[in-house]
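Below is the file query_21.pdb, which contains PDB, C-alpha atoms.
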ATOM      1  CA  MET A 707       4.068  12.075 130.982
ATOM      2  CA  ARG A 708       7.730  12.991 130.305
ATOM      3  CA  ARG A 709       8.211   9.796 128.403
ATOM      4  CA  GLY A 710       5.191  10.633 126.179
ATOM      5  CA  ILE A 711       6.592  14.083 125.366
ATOM      6  CA  ALA A 712      10.012  12.591 124.578
ATOM      7  CA  TYR A 713       8.439  10.062 122.202
ATOM      8  CA  PHE A 714       6.396  12.832 120.604
ATOM      9  CA  ILE A 715       9.522  14.957 119.990
ATOM     10  CA  ILE A 716      11.465  11.957 118.667
ATOM     11  CA  GLY A 717       8.530  11.168 116.364
ATOM     12  CA  ILE A 718       8.455  14.720 115.018
ATOM     13  CA  VAL A 719      12.237  14.757 114.410
ATOM     14  CA  ALA A 720      12.144  11.301 112.761
ATOM     15  CA  GLY A 721       9.220  12.363 110.585
ATOM     16  CA  LEU A 722      11.016  15.499 109.435
ATOM     17  CA  LEU A 723      14.154  13.531 108.662
ATOM     18  CA  LEU A 724      12.215  10.931 106.689
ATOM     19  CA  TYR A 725      10.364  13.662 104.803
ATOM     20  CA  HIS A 726      13.663  15.372 103.959
ATOM     21  CA  VAL A 727      15.232  12.118 102.732
ATOM     22  CA  PHE A 728      12.273  10.703 100.791
ATOM     23  CA  SER A 729      10.412  13.767  99.489
ATOM     24  CA  PRO A 730      12.754  14.215  96.489
ATOM     25  CA  LEU A 731      11.942  10.636  95.500
ATOM     26  CA  ILE A 732       8.206  11.098  95.945
ATOM     27  CA  PHE A 733       8.009  14.693  94.695
ATOM     28  CA  PRO A 734      10.987  15.146  92.361
ATOM     29  CA  VAL A 735      11.993  18.605  91.204
ATOM     30  CA  VAL A 736      10.557  19.039  87.717
ATOM     31  CA  VAL A 737      12.263  22.315  86.743
ATOM     32  CA  ALA A 738      15.655  23.434  88.002
ATOM     33  CA  PRO A 739      17.088  26.838  87.031
ATOM     34  CA  VAL A 740      20.634  27.147  85.699
ATOM     35  CA  PHE A 741      22.118  30.643  85.801
ATOM     36  CA  SER A 742      25.548  31.559  84.549
ATOM     37  CA  PRO A 743      28.142  32.513  85.381
ATOM     38  CA  GLU A 744      27.363  31.010  88.821
ATOM     39  CA  ASN A 745      26.169  27.575  87.689
ATOM     40  CA  GLY A 746      27.704  26.910  84.281
ATOM     41  CA  ASP A 747      29.188  23.734  85.708
ATOM     42  CA  ASP A 748      25.635  22.371  86.103
ATOM     43  CA  ILE A 749      25.584  21.894  82.318
ATOM     44  CA  ILE A 750      28.819  19.904  82.434
ATOM     45  CA  ALA A 751      27.395  17.864  85.329
ATOM     46  CA  LEU A 752      24.274  17.100  83.283
ATOM     47  CA  ILE A 753      26.425  15.798  80.431
ATOM     48  CA  ASP A 754      28.502  13.796  82.902
ATOM     49  CA  SER A 755      25.297  12.244  84.299
ATOM     50  CA  ALA A 756      24.228  10.811  80.927
ATOM     51  CA  GLU A 757      23.949   7.028  80.827
ATOM     52  CA  THR A 758      22.417   6.221  77.430
ATOM     53  CA  SER A 759      21.958   9.211  75.126
ATOM     54  CA  ILE A 760      22.565  12.899  74.532
ATOM     55  CA  ASP A 761      20.869  14.844  71.719
ATOM     56  CA  ILE A 762      22.047  18.436  71.240
ATOM     57  CA  GLU A 763      20.664  21.203  69.051
ATOM     58  CA  MET A 764      22.852  24.263  69.522
ATOM     59  CA  TYR A 765      23.398  27.634  67.883
ATOM     60  CA  VAL A 766      26.997  28.357  69.024
ATOM     61  CA  PHE A 767      29.219  25.454  70.057
ATOM     62  CA  THR A 768      32.795  26.364  70.947
ATOM     63  CA  SER A 769      33.226  25.283  74.584
ATOM     64  CA  ARG A 770      36.240  23.117  75.277
ATOM     65  CA  ASP A 771      34.671  21.994  78.584
ATOM     66  CA  VAL A 772      31.531  20.766  76.804
ATOM     67  CA  ILE A 773      33.607  18.958  74.169
ATOM     68  CA  GLU A 774      35.622  17.215  76.903
ATOM     69  CA  ALA A 775      32.435  16.251  78.787
ATOM     70  CA  LEU A 776      30.999  14.805  75.566
ATOM     71  CA  GLU A 777      34.214  12.834  75.010
ATOM     72  CA  ARG A 778      33.860  11.363  78.500
ATOM     73  CA  ALA A 779      30.245  10.459  77.768
ATOM     74  CA  LYS A 780      31.190   8.879  74.438
ATOM     75  CA  ASN A 781      33.869   6.820  76.205
ATOM     76  CA  ARG A 782      31.167   5.565  78.619
ATOM     77  CA  GLY A 783      29.152   4.331  75.639
ATOM     78  CA  VAL A 784      26.608   7.156  75.575
ATOM     79  CA  ARG A 785      25.032   7.650  72.106
ATOM     80  CA  ILE A 786      25.506  11.295  71.109
ATOM     81  CA  ARG A 787      23.921  13.218  68.237
ATOM     82  CA  ILE A 788      24.621  16.900  67.630
ATOM     83  CA  ILE A 789      22.990  19.468  65.360
ATOM     84  CA  ILE A 790      24.714  22.853  65.098
ATOM     85  CA  GLU A 791      24.099  25.988  63.069
ATOM     86  CA  ARG A 792      26.529  26.337  60.157
ATOM     87  CA  SER A 793      26.902  30.121  60.247
ATOM     88  CA  THR A 794      26.575  32.108  63.432
ATOM     89  CA  ILE A 795      26.741  35.852  63.875
ATOM     90  CA  GLY A 796      30.410  36.748  64.115
ATOM     91  CA  GLY A 797      31.734  33.337  63.091
ATOM     92  CA  SER A 798      30.896  29.731  62.503
ATOM     93  CA  ASN A 799      30.938  26.355  64.152
ATOM     94  CA  ALA A 800      33.181  24.836  61.457
ATOM     95  CA  GLU A 801      36.125  24.209  63.775
ATOM     96  CA  THR A 802      33.976  22.407  66.346
ATOM     97  CA  PHE A 803      32.185  20.482  63.594
ATOM     98  CA  GLN A 804      35.486  19.276  62.124
ATOM     99  CA  GLU A 805      36.946  18.358  65.524
ATOM    100  CA  LEU A 806      33.904  16.384  66.661
ATOM    101  CA  ALA A 807      33.442  14.685  63.287
ATOM    102  CA  SER A 808      37.113  13.653  63.257
ATOM    103  CA  LYS A 809      36.639  12.109  66.718
ATOM    104  CA  GLY A 810      33.738   9.991  65.487
ATOM    105  CA  PHE A 811      30.848  12.043  66.844
ATOM    106  CA  ASN A 812      27.550  11.889  64.978
ATOM    107  CA  ILE A 813      27.231  15.577  64.075
ATOM    108  CA  ARG A 814      25.263  17.430  61.428
ATOM    109  CA  TYR A 815      24.669  20.998  60.356
ATOM    110  CA  ALA A 816      21.156  22.323  60.859
ATOM    111  CA  SER A 817      18.907  22.318  57.819
ATOM    112  CA  SER A 818      18.741  25.368  55.603
ATOM    113  CA  SER A 819      14.947  24.880  55.676
ATOM    114  CA  TYR A 820      15.046  27.408  58.493
ATOM    115  CA  LYS A 821      16.577  30.840  58.080
ATOM    116  CA  LEU A 822      18.508  30.103  61.261
ATOM    117  CA  THR A 823      18.562  27.346  63.853
ATOM    118  CA  HIS A 824      18.866  29.410  67.000
ATOM    119  CA  SER A 825      17.811  26.534  69.270
ATOM    120  CA  LYS A 826      19.740  25.884  72.442
ATOM    121  CA  PHE A 827      18.663  22.588  73.962
ATOM    122  CA  MET A 828      20.014  19.218  75.002
ATOM    123  CA  VAL A 829      18.027  16.066  75.789
ATOM    124  CA  VAL A 830      19.759  13.641  78.179
ATOM    125  CA  ASP A 831      18.696   9.983  78.441
ATOM    126  CA  GLY A 832      15.198  10.909  77.242
ATOM    127  CA  LYS A 833      14.537  12.023  80.825
ATOM    128  CA  ALA A 834      15.811  15.604  81.063
ATOM    129  CA  VAL A 835      16.108  18.589  78.771
ATOM    130  CA  LEU A 836      18.281  21.666  79.196
ATOM    131  CA  VAL A 837      16.770  24.644  77.379
ATOM    132  CA  GLY A 838      17.312  28.367  77.585
ATOM    133  CA  SER A 839      19.745  31.066  76.605
ATOM    134  CA  HIS A 840      22.953  29.060  77.055
ATOM    135  CA  ASN A 841      25.029  28.465  73.972
ATOM    136  CA  PHE A 842      27.806  25.913  74.396
ATOM    137  CA  SER A 843      30.550  28.527  74.649
ATOM    138  CA  ASN A 844      32.879  29.271  77.534
ATOM    139  CA  SER A 845      31.481  32.807  77.689
ATOM    140  CA  ALA A 846      27.938  31.461  78.079
ATOM    141  CA  LEU A 847      28.939  28.947  80.732
ATOM    142  CA  TYR A 848      31.312  31.064  82.801
ATOM    143  CA  LYS A 849      31.120  34.790  81.934
ATOM    144  CA  ASN A 850      27.747  35.902  80.553
ATOM    145  CA  ARG A 851      24.500  36.268  82.428
ATOM    146  CA  GLU A 852      22.584  33.319  80.993
ATOM    147  CA  ALA A 853      19.362  31.694  82.145
ATOM    148  CA  SER A 854      18.238  28.175  81.298
ATOM    149  CA  VAL A 855      16.273  25.410  82.962
ATOM    150  CA  ILE A 856      16.627  21.671  83.273
ATOM    151  CA  ILE A 857      13.199  20.106  82.867
ATOM    152  CA  ARG A 858      12.478  16.578  84.106
ATOM    153  CA  GLU A 859       8.870  16.214  83.054
ATOM    154  CA  THR A 860       7.928  13.473  80.627
ATOM    155  CA  ALA A 861       5.626  15.382  78.262
ATOM    156  CA  ALA A 862       8.038  18.318  77.866
ATOM    157  CA  VAL A 863      11.077  16.062  77.379
ATOM    158  CA  ASP A 864       9.138  13.989  74.832
ATOM    159  CA  GLU A 865       8.235  17.137  72.872
ATOM    160  CA  PHE A 866      11.879  18.266  72.704
ATOM    161  CA  SER A 867      12.854  14.748  71.616
ATOM    162  CA  ARG A 868      10.194  14.809  68.900
ATOM    163  CA  VAL A 869      11.437  18.159  67.581
ATOM    164  CA  PHE A 870      15.041  16.935  67.692
ATOM    165  CA  GLU A 871      14.118  13.826  65.660
ATOM    166  CA  LYS A 872      12.368  16.004  63.060
ATOM    167  CA  ASP A 873      15.354  18.360  62.845
ATOM    168  CA  TRP A 874      17.837  15.460  62.775
ATOM    169  CA  ALA A 875      16.029  13.931  59.806
ATOM    170  CA  ILE A 876      16.487  17.095  57.725
ATOM    171  CA  ALA A 877      19.954  18.097  59.016
ATOM    172  CA  VAL A 878      22.940  17.703  56.695
TER     173      VAL A 878
END
In structure tokens, how does this file's structure come out?
Amino acid sequence: MRRGIAYFIIGIVAGLLLYHVFSPLIFPVVVAPVFSPENGDDIIALIDSAETSIDIEMYVFTSRDVIEALERAKNRGVRIRIIIERSTIGGSNAETFQELASKGFNIRYASSSYKLTHSKFMVVDGKAVLVGSHNFSNSALYKNREASVIIRETAAVDEFSRVFEKDWAIAV
């Protein structure tokens, strides 16, 4: 009788451990929240996780940390394309545009077909998209209250990729 109870308890513990280890593989998290200032580094980690491609459409892009993460990705052979708004409220992205272009990044200004490209999204490896209120500025990553999500769901990622391709085709 004691032996049966011991086996039962061991079975329960083993089952819970196996569930804990394998459930993320079987039931992966589809949407993960990213709040700043607490989790701004999650955006850098997402860039650092890229293996094949990064497509960015961003309103404000001034973050040194993001630029350095993109340089690391480029050095790993990741294909990177960036669309940024030419004129932002209170400034412009000209300095970032010039720096990234001079370093060989494939970067374009958003089309003037839209009054403003206020988009803030990044598609990584065609498998994940970051979208939300985060601009790529140090204030957005580390000081402001920002809220974004990382989505790992095929249909949503495909739709962001489709929109990026459309916007890339008309960017200058």
The PyMOL selection byres ((chain A and resi 863) around 10) applied to the shown file, residues as number ranges by chain: A: 828-836, 856-862, 864-868
Place a sphere of radius 10 Å on (19.5, 26.2, 81.6) in the file coordinates and name every protein, DNA or RNA residue with an atom inside or on its surface, counting only C-alpha atoms; give the answer as a list in words.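 Counting only C-alpha atoms, I find these residues within 10 Å of (19.5, 26.2, 81.6): Val737, Ala738, Pro739, Val740, Phe741, Ser742, Asn745, Gly746, Asp748, Ile749, Lys826, Phe827, Met828, Val835, Leu836, Val837, Gly838, Ser839, His840, Asn841, Leu847, Glu852, Ala853, Ser854, Val855, Ile856 and Ile857 of chain A.
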With all atoms listed in the file as the counted atoms, please give the residues lying no more than 7 Å from Ile788 (chain A), apart from itself and same-chain residues fewer than 3 positions off, as a PDB file with C-alpha atoms, in the coordinates of the input.
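So selection.pdb came out as:
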ATOM      1  CA  ASP A 761      20.869  14.844  71.719  1.00  0.00           C
ATOM      2  CA  ILE A 762      22.047  18.436  71.240  1.00  0.00           C
ATOM      3  CA  GLU A 763      20.664  21.203  69.051  1.00  0.00           C
ATOM      4  CA  ASN A 812      27.550  11.889  64.978  1.00  0.00           C
ATOM      5  CA  ILE A 813      27.231  15.577  64.075  1.00  0.00           C
ATOM      6  CA  ARG A 814      25.263  17.430  61.428  1.00  0.00           C
TER       7      ARG A 814
END
Output as lines of an AutoDock Vina configuration file the centre and edge lengths (Å, one decimal) of the box along x, y and z of the file that holds every listed atom of region 787-804 of chain A after adding 8 Å on each side.
center_x = 29.6
center_y = 25.0
center_z = 64.2
size_x = 29.1
size_y = 39.5
size_z = 24.1
Select all residues near (30.2, 13.2, 81.7) (cut-off 8 Å, inclusive, file coordinates), counting all atoms listed in the file, and output them as a VMD selection string. chain A and resid 750 to 756 775 to 779
Please write the residues picked by the PyMOL selection byres ((chain A and resi 874) around 9) on this file as a PyMOL selection string. chain A and resi 763+787-789+814+816-817+869-873+875-878
Quote the spacing between CA of Lys780 (chain A) and CA of Tyr815 (chain A) in Å to one decimal place.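 Between these atoms lies a distance of 19.7 Å.
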Expressed in Å, the length from CA of Glu791 (chain A) to CA of Glu774 (chain A) is 20.0 Å
Take CA of Arg851 (chain A) and CA of Ile790 (chain A) and report the distance between them in Å, one decimal. 21.9 Å
For region 792-796 of chain A, work out the shell of residues within 9 Å, counting all atoms listed in the file and skipping chain neighbours fewer than 4 positions away, then give it as number ranges by chain. A: 765-766, 800, 803, 815-817, 822-824
Distance criterion (all atoms listed in the file): nearest to Asn844 (chain A) out of A:Ser808, A:Thr768, A:Ser825, A:Thr802: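 Checking each of A:Ser808, A:Thr768, A:Ser825, A:Thr802 against Asn844 (chain A), counting all atoms listed in the file, the winner is A:Thr768.
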Decode the PyMOL selection byres ((chain A and resi 759) around 6) for the given file into explicit residues and return them as a ChimeraX atom specification. /A:758,760,784-786,830-831
